[in-house]
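Here the structure is laid out as structure tokens; the discussion comes afterwards.
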Amino acid sequence: MKAFVVLPILFAMQVLAEDPRVTSLVKQGDLADQQGNTRAALSSFRAAEAIEPQNVGVLLRISKQFGDLIDETKPEENAKRIAQLALNYGTKALELDRNNAKVHLNLAISYGHMTDFVGNKTKLEYSKIIYDEAQKSIELDPTDDYAWHVLGRWEAGVANINPMLKALAGLVYGGMPKASNEEAVRCFKKAVEIAPQRMMHHAELAHVYKQMGKNDLALQEWQNTLGIRAQDSDEEKYQQEAHAALDAARKARGSDGNKFTTQR
């Protein structure tokens with residue numbers, strides 16, 4: 001998903017199952033997911049679905065796995081089909097439980113996937129849905145740092161959209177939803193407050209600060225990412241970006257006057 005990150009939003013969600021086979025399959029799937037074995041996880045969750053087709057926790061997990069498969073699926077037509085399956089499962093989960101914060105968060109992410117495969121008018125429509133679903137998730141559970149992160153990514157993405165596209169949206173579609181870098185900062189800072197150990201919150205906050213021209217604050221957030229142990233390739237990329245930003249700042253200021261140092 002280019003507009004957002006793919007989030008491990010479901011690890012903490014307990015699946016209430018009547019059949020112990022479902023519980024076992026979900027445990028297997030969650031372990032495979034944590035190990036990055038998306039297809040094995042999907043196989044386990046689909047087997048659980050066959051036993052309990054209306055289990056919301058299972059449906060959300062299937063939606064997430066399909067979302068994880070999008071980037072590695074070729075050609076684009078097949079990737080779009082996988083994205084649509086992620087959305088379909090997310091929508092089914094919503095029909096079963098409208099008061100579940102994770103359901104709304106997953107739906108926001110699923111619509112984010114779909115924005116890569118639709119025209120500008122539909123992108124605008126989906127953007128509004130993404131915002132509404134992220135807000136609903138926060139209303140139901142304001143302690144979910146992932147929801148704040150998704151809302152922050154939305155704010156930053158819409159606020160910094162190509163000016164020509166923004167002007168076109170104003171002329172043809174009645175304008176873009178309101179968004180700002182200031183709101184993005186607020187959302188990411190809230191995510192950091194809830195989960196300071198989550199590297200992506202610091203990294204995306206650094207991106208927004210840089211966009212705003214607040215370079216010292218951006219560098220501090222990059223420094224913060226280096227104090228966290230990378231858990232996967234995405235976090236390793238964040239830290240590579242942090243090293244590059246801090247190294248560039250040191251060279252620009254002169255090594256004697258630079259208060260930012262990279263940790264290697």
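Ordered as shown in the structure tokens, chains take letters A, B, and onward, while each chain numbers its residues from 1 and ligands are numbered from 1 in the order shown.
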### Task
Would you kindly return, as a ChimeraX atom specification, each protein, DNA or RNA residue with an atom no farther than 10 Å from any atom of region 209-211 of chain A, considering only C-alpha atoms and excluding same-chain residues fewer than 3 positions away?
/A:156,160,181-182,184-185,203-206,214-221
Convert the current residue selection to file output with all heavy atoms, as a tab-separated table (two decimals), in the first residue's frame.
```tsv
chain	number	residue	atom	x	y	z
A	156	ALA	N	-0.99	13.77	6.32
A	156	ALA	CA	0.22	14.15	5.60
A	156	ALA	C	0.07	13.94	4.11
A	156	ALA	O	0.50	14.78	3.29
A	156	ALA	CB	1.42	13.36	6.14
A	160	ASN	N	-0.05	17.22	1.47
A	160	ASN	CA	1.10	17.42	0.59
A	160	ASN	C	0.90	16.85	-0.80
A	160	ASN	O	1.86	16.57	-1.51
A	160	ASN	CB	2.34	16.79	1.24
A	160	ASN	CG	2.66	17.43	2.58
A	160	ASN	OD1	2.91	18.63	2.66
A	160	ASN	ND2	2.64	16.64	3.64
A	181	ASN	N	-0.38	19.50	7.70
A	181	ASN	CA	0.81	18.92	8.33
A	181	ASN	C	0.74	19.05	9.85
A	181	ASN	O	1.24	18.18	10.57
A	181	ASN	CB	2.07	19.61	7.81
A	181	ASN	CG	2.41	19.19	6.39
A	181	ASN	OD1	2.28	18.03	6.03
A	181	ASN	ND2	2.85	20.14	5.58
A	182	GLU	N	0.12	20.12	10.32
A	182	GLU	CA	0.00	20.32	11.77
A	182	GLU	C	-0.83	19.19	12.40
A	182	GLU	O	-0.49	18.68	13.48
A	182	GLU	CB	-0.64	21.67	12.08
A	182	GLU	CG	0.25	22.86	11.78
A	182	GLU	CD	0.40	23.18	10.29
A	182	GLU	OE1	-0.42	22.66	9.49
A	182	GLU	OE2	1.33	23.92	9.93
A	184	ALA	N	-1.19	16.22	11.05
A	184	ALA	CA	-0.38	15.02	10.92
A	184	ALA	C	0.59	14.91	12.09
A	184	ALA	O	0.75	13.83	12.68
A	184	ALA	CB	0.37	15.04	9.60
A	185	VAL	N	1.23	16.02	12.45
A	185	VAL	CA	2.15	16.03	13.58
A	185	VAL	C	1.42	15.64	14.86
A	185	VAL	O	1.91	14.82	15.66
A	185	VAL	CB	2.81	17.42	13.75
A	185	VAL	CG1	3.50	17.53	15.11
A	185	VAL	CG2	3.81	17.66	12.63
A	203	ALA	N	9.61	7.81	12.55
A	203	ALA	CA	10.09	8.03	11.18
A	203	ALA	C	9.10	8.87	10.38
A	203	ALA	O	9.50	9.79	9.65
A	203	ALA	CB	10.32	6.68	10.50
A	204	GLU	N	7.83	8.57	10.50
A	204	GLU	CA	6.85	9.34	9.73
A	204	GLU	C	6.69	10.75	10.28
A	204	GLU	O	6.42	11.69	9.53
A	204	GLU	CB	5.50	8.61	9.69
A	204	GLU	CG	5.53	7.29	8.94
A	204	GLU	CD	6.03	7.44	7.51
A	204	GLU	OE1	5.79	8.50	6.88
A	204	GLU	OE2	6.68	6.49	7.01
A	205	LEU	N	6.88	10.91	11.58
A	205	LEU	CA	6.90	12.25	12.16
A	205	LEU	C	8.09	13.04	11.61
A	205	LEU	O	7.96	14.24	11.29
A	205	LEU	CB	6.97	12.16	13.68
A	205	LEU	CG	6.93	13.47	14.46
A	205	LEU	CD1	5.73	14.33	14.08
A	205	LEU	CD2	6.91	13.17	15.97
A	206	ALA	N	9.21	12.38	11.45
A	206	ALA	CA	10.38	13.03	10.84
A	206	ALA	C	10.07	13.50	9.42
A	206	ALA	O	10.45	14.61	9.02
A	206	ALA	CB	11.57	12.08	10.82
A	214	LYS	N	10.96	22.02	9.36
A	214	LYS	CA	11.44	21.97	10.75
A	214	LYS	C	12.53	20.90	10.85
A	214	LYS	O	12.33	19.82	11.41
A	214	LYS	CB	10.27	21.69	11.69
A	214	LYS	CG	9.21	22.79	11.67
A	214	LYS	CD	8.10	22.53	12.68
A	214	LYS	CE	7.09	23.67	12.69
A	214	LYS	NZ	6.00	23.47	13.69
A	215	ASN	N	13.67	21.24	10.32
A	215	ASN	CA	14.72	20.24	10.12
A	215	ASN	C	15.30	19.71	11.42
A	215	ASN	O	15.63	18.52	11.53
A	215	ASN	CB	15.82	20.82	9.24
A	215	ASN	CG	15.33	21.08	7.82
A	215	ASN	OD1	14.49	20.36	7.31
A	215	ASN	ND2	15.84	22.14	7.20
A	216	ASP	N	15.45	20.58	12.43
A	216	ASP	CA	16.01	20.11	13.69
A	216	ASP	C	15.08	19.09	14.36
A	216	ASP	O	15.55	18.09	14.91
A	216	ASP	CB	16.24	21.29	14.65
A	216	ASP	CG	17.47	22.10	14.28
A	216	ASP	OD1	18.24	21.63	13.39
A	216	ASP	OD2	17.68	23.18	14.84
A	217	LEU	N	13.78	19.35	14.30
A	217	LEU	CA	12.82	18.40	14.87
A	217	LEU	C	12.83	17.10	14.08
A	217	LEU	O	12.72	16.01	14.66
A	217	LEU	CB	11.42	19.00	14.89
A	217	LEU	CG	11.21	20.16	15.86
A	217	LEU	CD1	9.82	20.76	15.70
A	217	LEU	CD2	11.41	19.69	17.30
A	218	ALA	N	12.96	17.20	12.76
A	218	ALA	CA	13.04	16.00	11.93
A	218	ALA	C	14.26	15.17	12.30
A	218	ALA	O	14.18	13.95	12.46
A	218	ALA	CB	13.07	16.38	10.45
A	219	LEU	N	15.40	15.85	12.47
A	219	LEU	CA	16.62	15.13	12.81
A	219	LEU	C	16.52	14.46	14.18
A	219	LEU	O	17.05	13.36	14.38
A	219	LEU	CB	17.81	16.09	12.78
A	219	LEU	CG	18.20	16.60	11.38
A	219	LEU	CD1	19.22	17.72	11.50
A	219	LEU	CD2	18.73	15.46	10.52
A	220	GLN	N	15.82	15.11	15.10
A	220	GLN	CA	15.66	14.50	16.42
A	220	GLN	C	14.84	13.21	16.33
A	220	GLN	O	15.14	12.21	16.99
A	220	GLN	CB	14.98	15.48	17.38
A	220	GLN	CG	14.85	14.95	18.81
A	220	GLN	CD	16.20	14.59	19.40
A	220	GLN	OE1	17.05	15.47	19.57
A	220	GLN	NE2	16.43	13.32	19.71
A	221	GLU	N	13.80	13.24	15.49
A	221	GLU	CA	13.01	12.02	15.33
A	221	GLU	C	13.80	10.92	14.61
A	221	GLU	O	13.66	9.74	14.94
A	221	GLU	CB	11.71	12.32	14.56
A	221	GLU	CG	10.72	13.17	15.34
A	221	GLU	CD	10.36	12.58	16.69
A	221	GLU	OE1	10.25	11.33	16.80
A	221	GLU	OE2	10.19	13.35	17.65
```
Surrounding residues of region 38-42 of chain A excluding itself and chain neighbours under 5 positions, 6 Å, only C-alpha atoms, as a PDB file with N, CA, C and O atoms, in the first residue's frame:
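Heads up, here's the output in selection_32.pdb:
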```
ATOM      1  N   GLY A  29      -1.694 -19.401  12.193  1.00  0.00           N
ATOM      2  CA  GLY A  29      -1.656 -18.298  11.237  1.00  0.00           C
ATOM      3  C   GLY A  29      -0.956 -17.074  11.777  1.00  0.00           C
ATOM      4  O   GLY A  29      -0.176 -16.424  11.065  1.00  0.00           O
ATOM      5  N   ALA A  32       2.771 -17.679  11.663  1.00  0.00           N
ATOM      6  CA  ALA A  32       3.273 -17.559  10.290  1.00  0.00           C
ATOM      7  C   ALA A  32       3.325 -16.102   9.857  1.00  0.00           C
ATOM      8  O   ALA A  32       4.263 -15.676   9.179  1.00  0.00           O
ATOM      9  N   ASP A  33       2.332 -15.324  10.257  1.00  0.00           N
ATOM     10  CA  ASP A  33       2.286 -13.904   9.919  1.00  0.00           C
ATOM     11  C   ASP A  33       3.470 -13.181  10.535  1.00  0.00           C
ATOM     12  O   ASP A  33       4.161 -12.400   9.868  1.00  0.00           O
ATOM     13  N   GLN A  65      -3.947 -10.426   5.381  1.00  0.00           N
ATOM     14  CA  GLN A  65      -3.024 -11.235   4.577  1.00  0.00           C
ATOM     15  C   GLN A  65      -3.140 -10.908   3.085  1.00  0.00           C
ATOM     16  O   GLN A  65      -2.137 -10.796   2.383  1.00  0.00           O
TER      17      GLN A  65
END
```
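CA of Thr225 (chain A) to CA of Gly36 (chain A) spans 22.0 Å [interatomic distance, one decimal].
The interatomic distance for the pair CA of Leu151 (chain A) and CA of Ala134 (chain A) works out to 5.9 Å.
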### Message
Which residues are close to Leu226 (chain A), i.e. within 12 Å by only C-alpha atoms, leaving aside same-chain residues fewer than 3 positions away? Reply as a PyMOL selection string.
### Response
chain A and resi 197-200+202-203+219-223+229-230+235-246+260-264
### Query
Taking the backbone alone, and naming residues the way the document does, which bits of region 25-135 of chain A are helix (DSSP H, G or I) by DSSP, as a PyMOL selection string?
chain A and resi 25-34+38-51+56-69+76-96+101-117+120-135
